[in-house]
$ cat start37.cif   # mmCIF, C-alpha atoms
data_input
loop_
_atom_site.label_atom_id
_atom_site.label_comp_id
_atom_site.auth_asym_id
_atom_site.auth_seq_id
_atom_site.Cartn_x
_atom_site.Cartn_y
_atom_site.Cartn_z
CA MET U 20 -41.98 -41.49 45.25
CA SER U 21 -43.01 -44.92 44.02
CA SER U 22 -40.69 -46.57 41.57
CA GLU U 23 -43.11 -49.15 40.14
CA GLN U 24 -44.00 -49.24 36.50
CA THR U 25 -47.68 -49.26 35.48
CA PRO U 26 -48.82 -52.85 35.10
CA PRO U 27 -50.35 -53.72 31.68
CA ASP U 28 -53.82 -54.15 33.28
CA ASP U 29 -53.85 -50.51 34.39
CA GLN U 30 -52.80 -49.41 30.95
CA ASN U 31 -55.86 -51.17 29.49
CA VAL U 32 -58.09 -49.27 31.93
CA VAL U 33 -56.47 -46.01 30.85
CA THR U 34 -57.04 -46.77 27.15
CA ARG U 35 -60.65 -47.74 27.77
CA ARG U 36 -61.24 -44.55 29.74
CA ARG U 37 -59.67 -42.52 26.97
CA LEU U 38 -61.96 -44.21 24.43
CA LEU U 39 -65.00 -43.46 26.61
CA LEU U 40 -63.93 -39.83 26.78
CA GLY U 41 -63.67 -39.78 23.02
CA VAL U 42 -67.27 -40.93 22.51
CA PRO U 43 -68.98 -37.66 23.61
CA LEU U 44 -66.36 -35.65 21.74
CA LEU U 45 -66.95 -37.60 18.54
CA GLY U 46 -70.71 -37.46 19.09
CA GLY U 47 -70.57 -33.69 19.58
CA ALA U 48 -68.47 -33.27 16.47
CA GLY U 49 -70.96 -35.44 14.56
CA ILE U 50 -73.95 -33.35 15.67
CA CYS U 51 -72.12 -30.12 14.75
CA GLY U 52 -71.22 -31.59 11.36
CA VAL U 53 -74.81 -32.58 10.56
CA ALA U 54 -76.10 -29.18 11.72
CA PHE U 55 -73.52 -27.38 9.59
CA TRP U 56 -74.38 -29.50 6.56
CA LYS U 57 -78.10 -28.77 7.03
CA MET U 58 -77.32 -25.07 7.29
CA LEU U 59 -75.31 -25.06 4.07
CA ALA U 60 -78.00 -27.08 2.26
CA GLY U 61 -80.63 -24.59 3.49
CA MET U 62 -78.56 -21.67 2.22
CA GLN U 63 -78.49 -23.23 -1.22
CA THR U 64 -82.22 -23.91 -1.45
CA GLY U 65 -83.03 -20.50 0.05
CA SER U 66 -84.83 -21.96 3.08
CA PHE U 67 -82.10 -20.62 5.37
CA ASN U 68 -80.58 -17.16 5.14
CA PRO U 69 -78.18 -16.17 7.93
CA HIS U 70 -78.72 -12.47 7.20
CA ASP U 71 -82.49 -12.80 7.31
CA ILE U 72 -84.37 -11.26 10.16
CA ASN U 73 -87.08 -13.74 10.99
CA ALA U 74 -90.02 -11.45 11.41
CA PRO U 75 -91.92 -12.59 14.47
CA VAL U 76 -95.11 -11.18 12.90
CA THR U 77 -95.35 -14.33 10.75
CA GLY U 78 -98.21 -16.43 12.10
CA ARG U 79 -99.88 -13.41 13.70
CA PRO U 80 -102.82 -11.27 12.57
CA VAL U 81 -101.86 -8.03 10.80
CA PRO U 82 -100.98 -5.16 13.17
CA ASP U 83 -103.24 -2.12 13.66
CA PHE U 84 -102.54 0.56 11.10
CA THR U 85 -104.04 3.03 8.65
CA LEU U 86 -102.19 4.15 5.53
CA PRO U 87 -103.22 7.23 3.54
CA ASP U 88 -103.44 7.10 -0.27
CA GLN U 89 -100.31 7.07 -2.36
CA THR U 90 -100.82 8.16 -5.98
CA PRO U 91 -101.85 6.37 -8.18
CA GLY U 92 -103.55 4.02 -5.68
CA THR U 93 -105.78 4.12 -2.63
CA GLY U 94 -104.51 3.54 0.91
CA PHE U 95 -105.65 0.75 3.19
CA ALA U 96 -105.98 -0.23 6.84
CA THR U 97 -106.12 -3.27 9.11
CA ALA U 98 -109.85 -3.78 8.47
CA ASP U 99 -109.26 -4.05 4.70
CA LEU U 100 -106.81 -6.90 5.20
CA LYS U 101 -109.07 -8.65 7.72
CA ALA U 102 -111.96 -8.49 5.22
CA LEU U 103 -109.95 -10.32 2.54
CA THR U 104 -111.39 -13.44 0.94
CA ARG U 105 -108.25 -14.31 -1.03
CA PRO U 106 -104.54 -14.01 -0.28
CA VAL U 107 -102.79 -10.70 -0.86
CA LEU U 108 -99.09 -9.81 -0.92
CA ILE U 109 -98.05 -6.71 1.01
CA ASN U 110 -94.88 -5.17 -0.43
CA PHE U 111 -92.94 -2.36 1.27
CA PHE U 112 -91.01 -0.33 -1.31
CA ALA U 113 -89.40 3.04 -1.89
CA SER U 114 -88.24 4.99 -4.92
CA TRP U 115 -84.83 5.56 -3.27
CA CYS U 116 -84.30 1.81 -2.88
CA ILE U 117 -82.38 0.19 -5.75
CA PRO U 118 -83.33 -3.45 -4.85
CA CYS U 119 -87.01 -2.33 -4.94
CA ILE U 120 -86.59 -1.03 -8.47
CA ALA U 121 -84.84 -4.29 -9.41
CA GLU U 122 -87.82 -6.18 -7.96
CA MET U 123 -90.51 -4.28 -9.92
CA GLU U 124 -90.39 -6.48 -13.01
CA ALA U 125 -90.93 -9.63 -10.92
CA LEU U 126 -93.83 -7.91 -9.14
CA LEU U 127 -95.43 -6.95 -12.45
CA THR U 128 -95.38 -10.62 -13.48
CA LEU U 129 -96.55 -11.82 -10.08
CA GLN U 130 -99.55 -9.46 -9.87
CA LYS U 131 -101.23 -11.50 -12.63
CA GLN U 132 -101.60 -14.40 -10.15
CA LEU U 133 -101.71 -12.64 -6.81
CA PRO U 134 -102.95 -9.13 -5.94
CA ILE U 135 -100.13 -7.00 -4.51
CA TRP U 136 -100.73 -4.05 -2.21
CA GLY U 137 -97.83 -1.65 -1.90
CA VAL U 138 -96.60 0.50 0.95
CA ALA U 139 -94.34 3.43 0.05
CA TYR U 140 -91.81 3.43 2.90
CA LYS U 141 -90.30 6.77 3.97
CA ASP U 142 -90.73 8.14 0.50
CA LYS U 143 -91.88 11.49 -0.85
CA PRO U 144 -95.30 10.84 -2.46
CA GLU U 145 -94.21 12.48 -5.73
CA ASN U 146 -91.07 10.31 -5.90
CA ALA U 147 -93.00 7.08 -5.25
CA ALA U 148 -95.56 8.08 -7.89
CA GLY U 149 -92.74 8.86 -10.32
CA LEU U 150 -91.19 5.42 -9.85
CA LEU U 151 -94.50 3.67 -10.53
CA LYS U 152 -95.07 5.83 -13.61
CA HIS U 153 -91.73 4.84 -15.10
CA ALA U 154 -91.27 1.24 -13.93
CA GLY U 155 -94.97 0.29 -14.13
CA ASN U 156 -97.43 -0.15 -11.29
CA PRO U 157 -97.83 -3.69 -9.93
CA TYR U 158 -99.99 -2.58 -6.99
CA ALA U 159 -103.77 -2.93 -6.69
CA ARG U 160 -103.75 -0.53 -3.73
CA ILE U 161 -100.97 1.70 -2.42
CA GLY U 162 -100.58 3.33 0.97
CA SER U 163 -98.00 5.87 2.07
CA ASP U 164 -95.93 5.30 5.22
CA ARG U 165 -94.18 8.66 5.18
CA GLU U 166 -92.64 8.39 8.67
CA GLY U 167 -91.95 4.64 8.53
CA ARG U 168 -93.90 4.05 11.73
CA VAL U 169 -96.34 1.49 10.28
CA ALA U 170 -93.32 -0.46 8.96
CA ILE U 171 -91.94 -0.76 12.51
CA ASP U 172 -95.18 -2.43 13.67
CA TRP U 173 -94.75 -4.93 10.82
CA GLY U 174 -91.16 -5.59 11.85
CA VAL U 175 -89.76 -4.15 8.62
CA SER U 176 -86.03 -3.48 8.86
CA GLY U 177 -85.45 -2.32 5.30
CA VAL U 178 -87.07 -2.24 1.89
CA PRO U 179 -88.02 -4.26 -0.08
CA GLU U 180 -89.88 -6.51 2.31
CA SER U 181 -92.94 -8.61 1.52
CA PHE U 182 -95.64 -10.32 3.57
CA LEU U 183 -98.25 -12.82 2.42
CA ILE U 184 -101.62 -12.25 4.06
CA ALA U 185 -104.06 -15.16 4.18
CA PRO U 186 -107.82 -14.56 3.96
CA GLY U 187 -108.93 -13.20 7.33
CA GLY U 188 -105.80 -11.09 7.79
CA MET U 189 -103.23 -13.59 9.04
CA ILE U 190 -99.57 -13.01 8.10
CA VAL U 191 -98.39 -16.39 6.84
CA TRP U 192 -95.13 -15.64 5.05
CA HIS U 193 -92.42 -13.03 5.05
CA SER U 194 -89.32 -12.21 3.07
CA ALA U 195 -86.74 -9.51 3.66
CA ALA U 196 -85.25 -10.30 0.25
CA GLY U 197 -86.55 -9.13 -3.11
CA LEU U 198 -88.94 -11.23 -5.21
CA ASP U 199 -86.56 -10.99 -8.18
CA SER U 200 -84.79 -13.96 -6.55
CA PRO U 201 -86.18 -17.31 -7.82
CA GLU U 202 -85.61 -18.89 -4.37
CA VAL U 203 -87.81 -16.27 -2.72
CA ARG U 204 -90.49 -16.72 -5.41
CA ASP U 205 -90.46 -20.52 -4.88
CA SER U 206 -90.77 -20.04 -1.16
CA LEU U 207 -93.73 -17.68 -1.73
CA LYS U 208 -95.36 -20.17 -4.13
CA ASN U 209 -95.19 -22.88 -1.46
CA ALA U 210 -96.68 -20.56 1.16
CA LEU U 211 -99.41 -19.57 -1.27
CA LYS U 212 -100.25 -23.22 -1.96
CA ALA U 213 -100.53 -23.84 1.79
CA VAL U 214 -103.25 -21.17 2.13
CA GLY U 215 -105.06 -22.32 -1.00
CA GLY U 216 -104.09 -19.42 -3.24
CA MET E 25 -70.83 -22.98 -2.78
CA LYS E 26 -69.93 -19.40 -3.46
CA ALA E 27 -66.66 -18.06 -2.10
CA LEU E 28 -67.06 -15.90 0.98
CA PHE E 29 -65.85 -12.73 -0.71
CA HIS E 30 -65.15 -12.15 -4.39
CA GLY E 31 -62.51 -9.65 -5.39
CA LYS E 32 -65.14 -7.05 -6.14
CA GLN E 33 -66.97 -7.67 -2.89
CA MET E 34 -63.71 -7.52 -0.96
CA PHE E 35 -63.03 -4.15 -2.58
CA ARG E 36 -66.50 -2.98 -1.66
CA LEU E 37 -66.00 -4.23 1.88
CA LYS E 38 -62.72 -2.38 2.18
CA THR E 39 -64.16 0.82 0.76
CA GLY E 40 -67.13 0.42 3.08
CA LEU E 41 -64.88 0.01 6.12
CA LEU E 42 -62.84 3.02 5.06
CA LEU E 43 -66.00 5.10 4.70
CA VAL E 44 -67.24 3.97 8.10
CA CYS E 45 -63.92 4.92 9.69
CA LEU E 46 -63.85 8.30 7.98
CA SER E 47 -67.44 9.05 8.87
CA ALA E 48 -67.06 8.00 12.53
CA PRO E 49 -66.90 11.57 13.87
CA VAL E 50 -69.88 12.51 11.70
CA MET E 51 -71.87 9.57 13.04
CA ALA E 52 -71.19 10.64 16.62
CA TRP E 53 -72.63 14.00 15.63
CA ALA E 54 -75.77 12.49 14.19
CA VAL E 55 -76.53 10.57 17.36
CA ASP E 56 -75.83 13.47 19.68
CA ASP E 57 -78.37 15.64 17.91
CA PRO E 58 -79.78 17.54 20.90
CA SER E 59 -83.25 17.72 19.36
CA GLU E 60 -83.53 13.94 19.73
CA MET E 61 -82.91 13.98 23.46
CA LEU E 62 -85.58 13.90 26.14
CA PRO E 63 -85.82 17.03 28.32
CA ASP E 64 -85.68 14.97 31.53
CA PRO E 65 -82.02 13.84 31.97
CA LYS E 66 -83.05 10.80 34.02
CA GLN E 67 -85.42 9.61 31.28
CA GLU E 68 -82.79 10.39 28.63
CA ARG E 69 -80.28 8.19 30.50
CA GLN E 70 -82.86 5.39 30.68
CA ALA E 71 -83.57 5.73 26.94
CA GLU E 72 -79.84 5.64 26.16
CA ALA E 73 -79.40 2.52 28.29
CA ILE E 74 -82.28 0.80 26.45
CA GLY E 75 -80.98 1.91 23.05
CA ALA E 76 -77.50 0.54 23.84
CA GLN E 77 -79.06 -2.93 24.22
CA LEU E 78 -80.95 -2.81 20.92
CA ARG E 79 -79.38 -3.80 17.62
CA CYS E 80 -79.56 -1.51 14.64
CA LEU E 81 -81.11 -3.87 12.08
CA VAL E 82 -79.42 -2.08 9.20
CA CYS E 83 -75.83 -2.10 10.50
CA GLN E 84 -76.47 -5.24 12.58
CA ASN E 85 -73.44 -4.94 14.87
CA GLU E 86 -74.12 -1.47 16.14
CA SER E 87 -76.65 -0.48 18.75
CA ILE E 88 -79.41 1.90 17.69
CA GLU E 89 -77.83 4.43 20.04
CA ASP E 90 -74.55 4.32 18.05
CA SER E 91 -75.95 4.15 14.54
CA SER E 92 -76.89 6.97 12.22
CA ALA E 93 -79.06 4.75 9.99
CA GLY E 94 -82.57 6.03 9.33
CA LEU E 95 -84.23 3.05 11.01
CA ALA E 96 -81.99 3.44 14.09
CA ARG E 97 -83.08 7.08 14.36
CA ASP E 98 -86.74 6.04 14.08
CA LEU E 99 -86.29 3.36 16.73
CA ARG E 100 -84.50 5.82 19.05
CA LYS E 101 -87.51 8.08 18.67
CA VAL E 102 -89.89 5.22 19.49
CA VAL E 103 -87.83 4.28 22.58
CA ARG E 104 -87.97 7.89 23.81
CA GLU E 105 -91.72 8.11 23.23
CA HIS E 106 -92.26 5.00 25.34
CA VAL E 107 -89.88 6.18 28.07
CA ALA E 108 -91.58 9.57 28.20
CA ARG E 109 -94.85 7.70 28.77
CA GLY E 110 -93.25 6.24 31.90
CA GLU E 111 -92.77 2.68 30.65
CA SER E 112 -90.13 0.45 32.22
CA SER E 113 -87.01 -0.56 30.27
CA GLN E 114 -88.28 -4.15 30.13
CA GLN E 115 -91.60 -3.01 28.63
CA VAL E 116 -89.81 -1.08 25.88
CA ILE E 117 -87.50 -4.00 25.07
CA ASP E 118 -90.49 -6.40 25.01
CA TRP E 119 -92.25 -4.05 22.57
CA MET E 120 -89.22 -4.19 20.27
CA VAL E 121 -88.83 -7.97 20.59
CA ALA E 122 -92.52 -8.42 19.66
CA ARG E 123 -91.80 -6.67 16.35
CA TYR E 124 -88.25 -7.70 15.50
CA GLY E 125 -87.69 -10.86 17.52
CA ASN E 126 -84.79 -11.60 19.85
CA PHE E 127 -82.44 -10.61 17.03
CA ILE E 128 -82.91 -6.97 18.02
CA ARG E 129 -81.35 -7.67 21.43
CA LEU E 130 -77.57 -7.32 21.31
CA SER E 131 -77.34 -9.71 24.23
CA PRO E 132 -79.52 -12.74 23.43
CA PRO E 133 -81.62 -14.24 26.25
CA VAL E 134 -80.82 -17.71 27.58
CA THR E 135 -83.05 -20.17 25.69
CA ILE E 136 -82.55 -23.72 24.45
CA ALA E 137 -81.25 -22.32 21.16
CA THR E 138 -78.67 -20.10 22.90
CA LEU E 139 -77.71 -22.57 25.62
CA LEU E 140 -74.53 -23.61 23.82
CA LEU E 141 -73.60 -19.96 23.28
CA TRP E 142 -74.01 -19.03 26.94
CA GLY E 143 -72.61 -22.33 28.22
CA MET E 144 -69.48 -22.18 26.07
CA PRO E 145 -67.24 -20.41 28.64
CA VAL E 146 -68.07 -23.03 31.29
CA LEU E 147 -67.75 -25.81 28.72
CA ALA E 148 -64.37 -24.49 27.55
CA LEU E 149 -63.17 -24.26 31.16
CA LEU E 150 -64.27 -27.87 31.82
CA ILE E 151 -62.56 -29.13 28.66
CA GLY E 152 -59.44 -27.21 29.71
CA ILE E 153 -59.43 -28.64 33.23
CA VAL E 154 -60.00 -32.21 31.98
CA SER E 155 -57.21 -31.96 29.40
CA ALA E 156 -54.88 -30.31 31.92
CA VAL E 157 -55.51 -33.11 34.44
CA MET E 158 -54.97 -35.76 31.75
CA ILE E 159 -51.72 -34.19 30.53
CA PHE E 160 -50.50 -33.68 34.09
CA ARG E 161 -51.22 -37.31 34.99
CA ARG E 162 -49.47 -38.61 31.92
CA ARG E 163 -46.42 -36.47 32.67
CA THR E 164 -46.11 -37.59 36.28
CA ALA E 165 -46.51 -41.23 35.25
CA THR E 166 -43.82 -41.31 32.56
CA PRO E 167 -40.42 -40.67 34.20
CA GLU E 168 -38.32 -43.84 34.57
CA PRO E 169 -37.51 -44.63 38.20
CA LEU E 170 -34.00 -43.62 39.24
CA SER E 171 -31.39 -46.33 39.26
CA GLU E 172 -29.40 -47.04 42.44
CA ALA E 173 -26.32 -45.33 40.92
CA GLU E 174 -28.34 -42.20 40.18
CA ARG E 175 -29.72 -42.16 43.71
CA ALA E 176 -26.21 -42.42 45.11
CA ARG E 177 -25.07 -39.52 42.95
CA LEU E 178 -28.05 -37.46 44.05
CA ARG E 179 -27.18 -38.13 47.69
CA GLU E 180 -23.63 -37.09 46.94
CA LEU E 181 -24.90 -33.77 45.60
CA GLY E 182 -26.73 -33.34 48.88
CA ASP E 183 -30.25 -33.28 47.49
CA GLY E 184 -31.33 -36.95 47.82
CA ARG E 185 -33.27 -38.10 50.81
#
$ encode --input "start37.cif" --output "structure tokens"
Amino acid sequence: MSSEQTPPDDQNVVTRRRLLLGVPLLGGAGICGVAFWKMLAGMQTGSFNPHDINAPVTGRPVPDFTLPDQTPGTGFATADLKALTRPVLINFFASWCIPCIAEMEALLTLQKQLPIWGVAYKDKPENAAGLLKHAGNPYARIGSDREGRVAIDWGVSGVPESFLIAPGGMIVWHSAAGLDSPEVRDSLKNALKAVGG
Amino acid sequence: MKALFHGKQMFRLKTGLLLVCLSAPVMAWAVDDPSEMLPDPKQERQAEAIGAQLRCLVCQNESIEDSSAGLARDLRKVVREHVARGESSQQVIDWMVARYGNFIRLSPPVTIATLLLWGMPVLALLIGIVSAVMIFRRRTATPEPLSEAERARLRELGDGR
């Protein structure tokens, strides 16, 4: 075993090496910090929601579907959305869904600027009709998705869920949160502006 | 920023957890509903294996095979319809990913966004090795050399060479 003490020169090398090792660590911590800050800022403005399911259908044409009539409206199909000349909001709702009922008032205000087409999701037709009779009907057309199979093709994971369809039938915006939230409405307004609505 | 859980939410969370625990045997029942199963046991096993890899989007940490949520039941049905048509497991998973994104996969694929997630075990091991080596080096470097008197005593004890 050597009995020499480390000369001061070697100690300098060790300190320098330790500093060099610290640079990537500090850099990594810095990147994580900035990312975390961005995430928190996004949560506050509503542009980032960790519980949101980012529907991959956004940016795609509407899926193939046909929805039968739901009283008091008429059903619709893929071709109807592809024939659009102005933006339309598709809103999946159900009478058994409390957030949907909470959203109705916002939808009634919104339908003055933007036509809304509703889809009654896994709902008894008489129950869906009853809800619209009592809460008011914001929908220009209403289809019934009794089995919830059309909703799966849209990537719907729960009601309420809304999609903005641009003229020509392209899905340009999606929200899994209700439109009674001002953040969601702002986000929709921006998307609507982008497609000239 | 809002606090993570308010008192009321915490209460709701606790009640929710309690309900989940209490309803666990019931949930097992719901999933094992024989009318849901495919007649061919081989296809049923394939469907179960696919379902175990797919997230229930309502409960979010359960697979659709374990969940009794309405959507999970619908998705189980869809999986079985595809399997009965003779599709491969990959085809069924791709069909789901096309609609719900990678979020529906309980085990996320390796992409640039998930690189840190998948690389973390290796990264943690490397950090561990580097710190272990550094600590070990520092320890071996610190002891003061023995004085001549100490050496003599060590020899006396019969252990010095």
$ resolve_selection --input "start37.cif" --expression "the PyMOL selection byres ((chain U and resi 90) around 8)" --output "list in words"
Asp88, Gln89, Pro91, Gly92, Thr93, Pro144, Glu145, Ala147, Ala148 and Ile161 of chain U
$ residues_around --input "start37.cif" --residues "region 94-106 of chain U" --least-positions-apart "4" --cutoff "6 Å" --atoms "only C-alpha atoms" --output "ChimeraX atom specification"
/U:83-88,161-162,184-188
$ resolve_selection --input "start37.cif" --expression "the PyMOL selection byres ((chain U) within 6 of (chain E))" --output "ChimeraX atom specification"
/U:22,74-75,174,176
$ resolve_selection --input "start37.cif" --expression "the PyMOL selection byres ((chain U and resi 111) around 6)" --output "ChimeraX atom specification"
/U:110,112,137-138,178-180
$ atom_distance --input "start37.cif" --atom1 "CA of Leu183 (chain U)" --atom2 "CA of Thr138 (chain E)"
29.3 Å
$ atom_distance --input "start37.cif" --atom1 "CA of Trp115 (chain U)" --atom2 "CA of Asn146 (chain U)"
8.3 Å
$ closest_residue --input "start37.cif" --among "U:Lys57, U:Arg35, U:Val107, U:Ile120" --to "Arg160 (chain U)" --atoms "only C-alpha atoms"
U:Val107
$ atom_distance --input "start37.cif" --atom1 "CA of Val103 (chain E)" --atom2 "CA of Trp173 (chain U)"
16.5 Å
$ closest_residue --input "start37.cif" --among "E:Ala108, E:Val134, E:Ile153, E:Ile88" --to "Lys66 (chain E)" --atoms "all atoms listed in the file"
E:Ala108
$ residues_around --input "start37.cif" --residues "Glu89 (chain E)" --least-positions-apart "5" --cutoff "12 Å" --atoms "all atoms listed in the file" --output "PyMOL selection string"
chain E and resi 51-57+60-61+68-81+83+94-101+103-104+130
$ decode --input "start37.cif" --residues "region 69-126 of chain E" --atoms "C-alpha atoms" --output "PDB file, in the first residue's frame"
ATOM      1  CA  ARG E  69     -57.265 -16.403 -24.586  1.00  0.00           C
ATOM      2  CA  GLN E  70     -55.952 -14.178 -27.386  1.00  0.00           C
ATOM      3  CA  ALA E  71     -58.704 -11.614 -26.723  1.00  0.00           C
ATOM      4  CA  GLU E  72     -57.925 -11.662 -22.990  1.00  0.00           C
ATOM      5  CA  ALA E  73     -54.220 -11.143 -23.691  1.00  0.00           C
ATOM      6  CA  ILE E  74     -55.024  -8.154 -25.946  1.00  0.00           C
ATOM      7  CA  GLY E  75     -57.477  -6.706 -23.427  1.00  0.00           C
ATOM      8  CA  ALA E  76     -54.892  -6.955 -20.632  1.00  0.00           C
ATOM      9  CA  GLN E  77     -52.644  -4.601 -22.630  1.00  0.00           C
ATOM     10  CA  LEU E  78     -55.347  -1.994 -23.234  1.00  0.00           C
ATOM     11  CA  ARG E  79     -56.137   0.755 -20.763  1.00  0.00           C
ATOM     12  CA  CYS E  80     -59.672   1.362 -19.623  1.00  0.00           C
ATOM     13  CA  LEU E  81     -60.025   5.063 -20.475  1.00  0.00           C
ATOM     14  CA  VAL E  82     -62.537   5.606 -17.694  1.00  0.00           C
ATOM     15  CA  CYS E  83     -60.584   4.055 -14.803  1.00  0.00           C
ATOM     16  CA  GLN E  84     -57.240   4.812 -16.490  1.00  0.00           C
ATOM     17  CA  ASN E  85     -55.097   2.444 -14.417  1.00  0.00           C
ATOM     18  CA  GLU E  86     -57.055  -0.695 -15.076  1.00  0.00           C
ATOM     19  CA  SER E  87     -56.988  -2.783 -18.202  1.00  0.00           C
ATOM     20  CA  ILE E  88     -60.243  -3.152 -20.120  1.00  0.00           C
ATOM     21  CA  GLU E  89     -60.140  -6.829 -19.161  1.00  0.00           C
ATOM     22  CA  ASP E  90     -60.225  -5.907 -15.434  1.00  0.00           C
ATOM     23  CA  SER E  91     -62.687  -3.039 -15.545  1.00  0.00           C
ATOM     24  CA  SER E  92     -66.453  -3.130 -15.286  1.00  0.00           C
ATOM     25  CA  ALA E  93     -66.896   0.350 -16.803  1.00  0.00           C
ATOM     26  CA  GLY E  94     -69.343   0.573 -19.691  1.00  0.00           C
ATOM     27  CA  LEU E  95     -66.695   1.682 -22.175  1.00  0.00           C
ATOM     28  CA  ALA E  96     -64.382  -1.172 -21.102  1.00  0.00           C
ATOM     29  CA  ARG E  97     -67.206  -3.641 -21.767  1.00  0.00           C
ATOM     30  CA  ASP E  98     -67.787  -2.091 -25.207  1.00  0.00           C
ATOM     31  CA  LEU E  99     -64.084  -2.246 -26.028  1.00  0.00           C
ATOM     32  CA  ARG E 100     -63.880  -5.886 -24.864  1.00  0.00           C
ATOM     33  CA  LYS E 101     -66.711  -6.617 -27.262  1.00  0.00           C
ATOM     34  CA  VAL E 102     -64.898  -4.840 -30.105  1.00  0.00           C
ATOM     35  CA  VAL E 103     -61.678  -6.774 -29.358  1.00  0.00           C
ATOM     36  CA  ARG E 104     -63.588 -10.078 -29.483  1.00  0.00           C
ATOM     37  CA  GLU E 105     -65.303  -9.151 -32.747  1.00  0.00           C
ATOM     38  CA  HIS E 106     -61.929  -8.449 -34.347  1.00  0.00           C
ATOM     39  CA  VAL E 107     -60.355 -11.619 -32.930  1.00  0.00           C
ATOM     40  CA  ALA E 108     -63.286 -13.710 -34.152  1.00  0.00           C
ATOM     41  CA  ARG E 109     -62.627 -12.275 -37.617  1.00  0.00           C
ATOM     42  CA  GLY E 110     -59.146 -13.800 -37.381  1.00  0.00           C
ATOM     43  CA  GLU E 111     -57.171 -10.573 -36.932  1.00  0.00           C
ATOM     44  CA  SER E 112     -53.753 -10.656 -35.279  1.00  0.00           C
ATOM     45  CA  SER E 113     -53.211  -9.128 -31.831  1.00  0.00           C
ATOM     46  CA  GLN E 114     -51.100  -6.372 -33.396  1.00  0.00           C
ATOM     47  CA  GLN E 115     -53.902  -5.486 -35.839  1.00  0.00           C
ATOM     48  CA  VAL E 116     -56.407  -5.149 -32.992  1.00  0.00           C
ATOM     49  CA  ILE E 117     -54.042  -2.997 -30.913  1.00  0.00           C
ATOM     50  CA  ASP E 118     -53.300  -0.803 -33.960  1.00  0.00           C
ATOM     51  CA  TRP E 119     -57.058  -0.341 -34.477  1.00  0.00           C
ATOM     52  CA  MET E 120     -57.392   0.862 -30.880  1.00  0.00           C
ATOM     53  CA  VAL E 121     -54.324   3.132 -31.082  1.00  0.00           C
ATOM     54  CA  ALA E 122     -55.747   4.741 -34.255  1.00  0.00           C
ATOM     55  CA  ARG E 123     -58.802   5.797 -32.229  1.00  0.00           C
ATOM     56  CA  TYR E 124     -57.443   6.477 -28.756  1.00  0.00           C
ATOM     57  CA  GLY E 125     -53.737   7.079 -29.314  1.00  0.00           C
ATOM     58  CA  ASN E 126     -50.851   5.408 -27.507  1.00  0.00           C
TER      59      ASN E 126
END
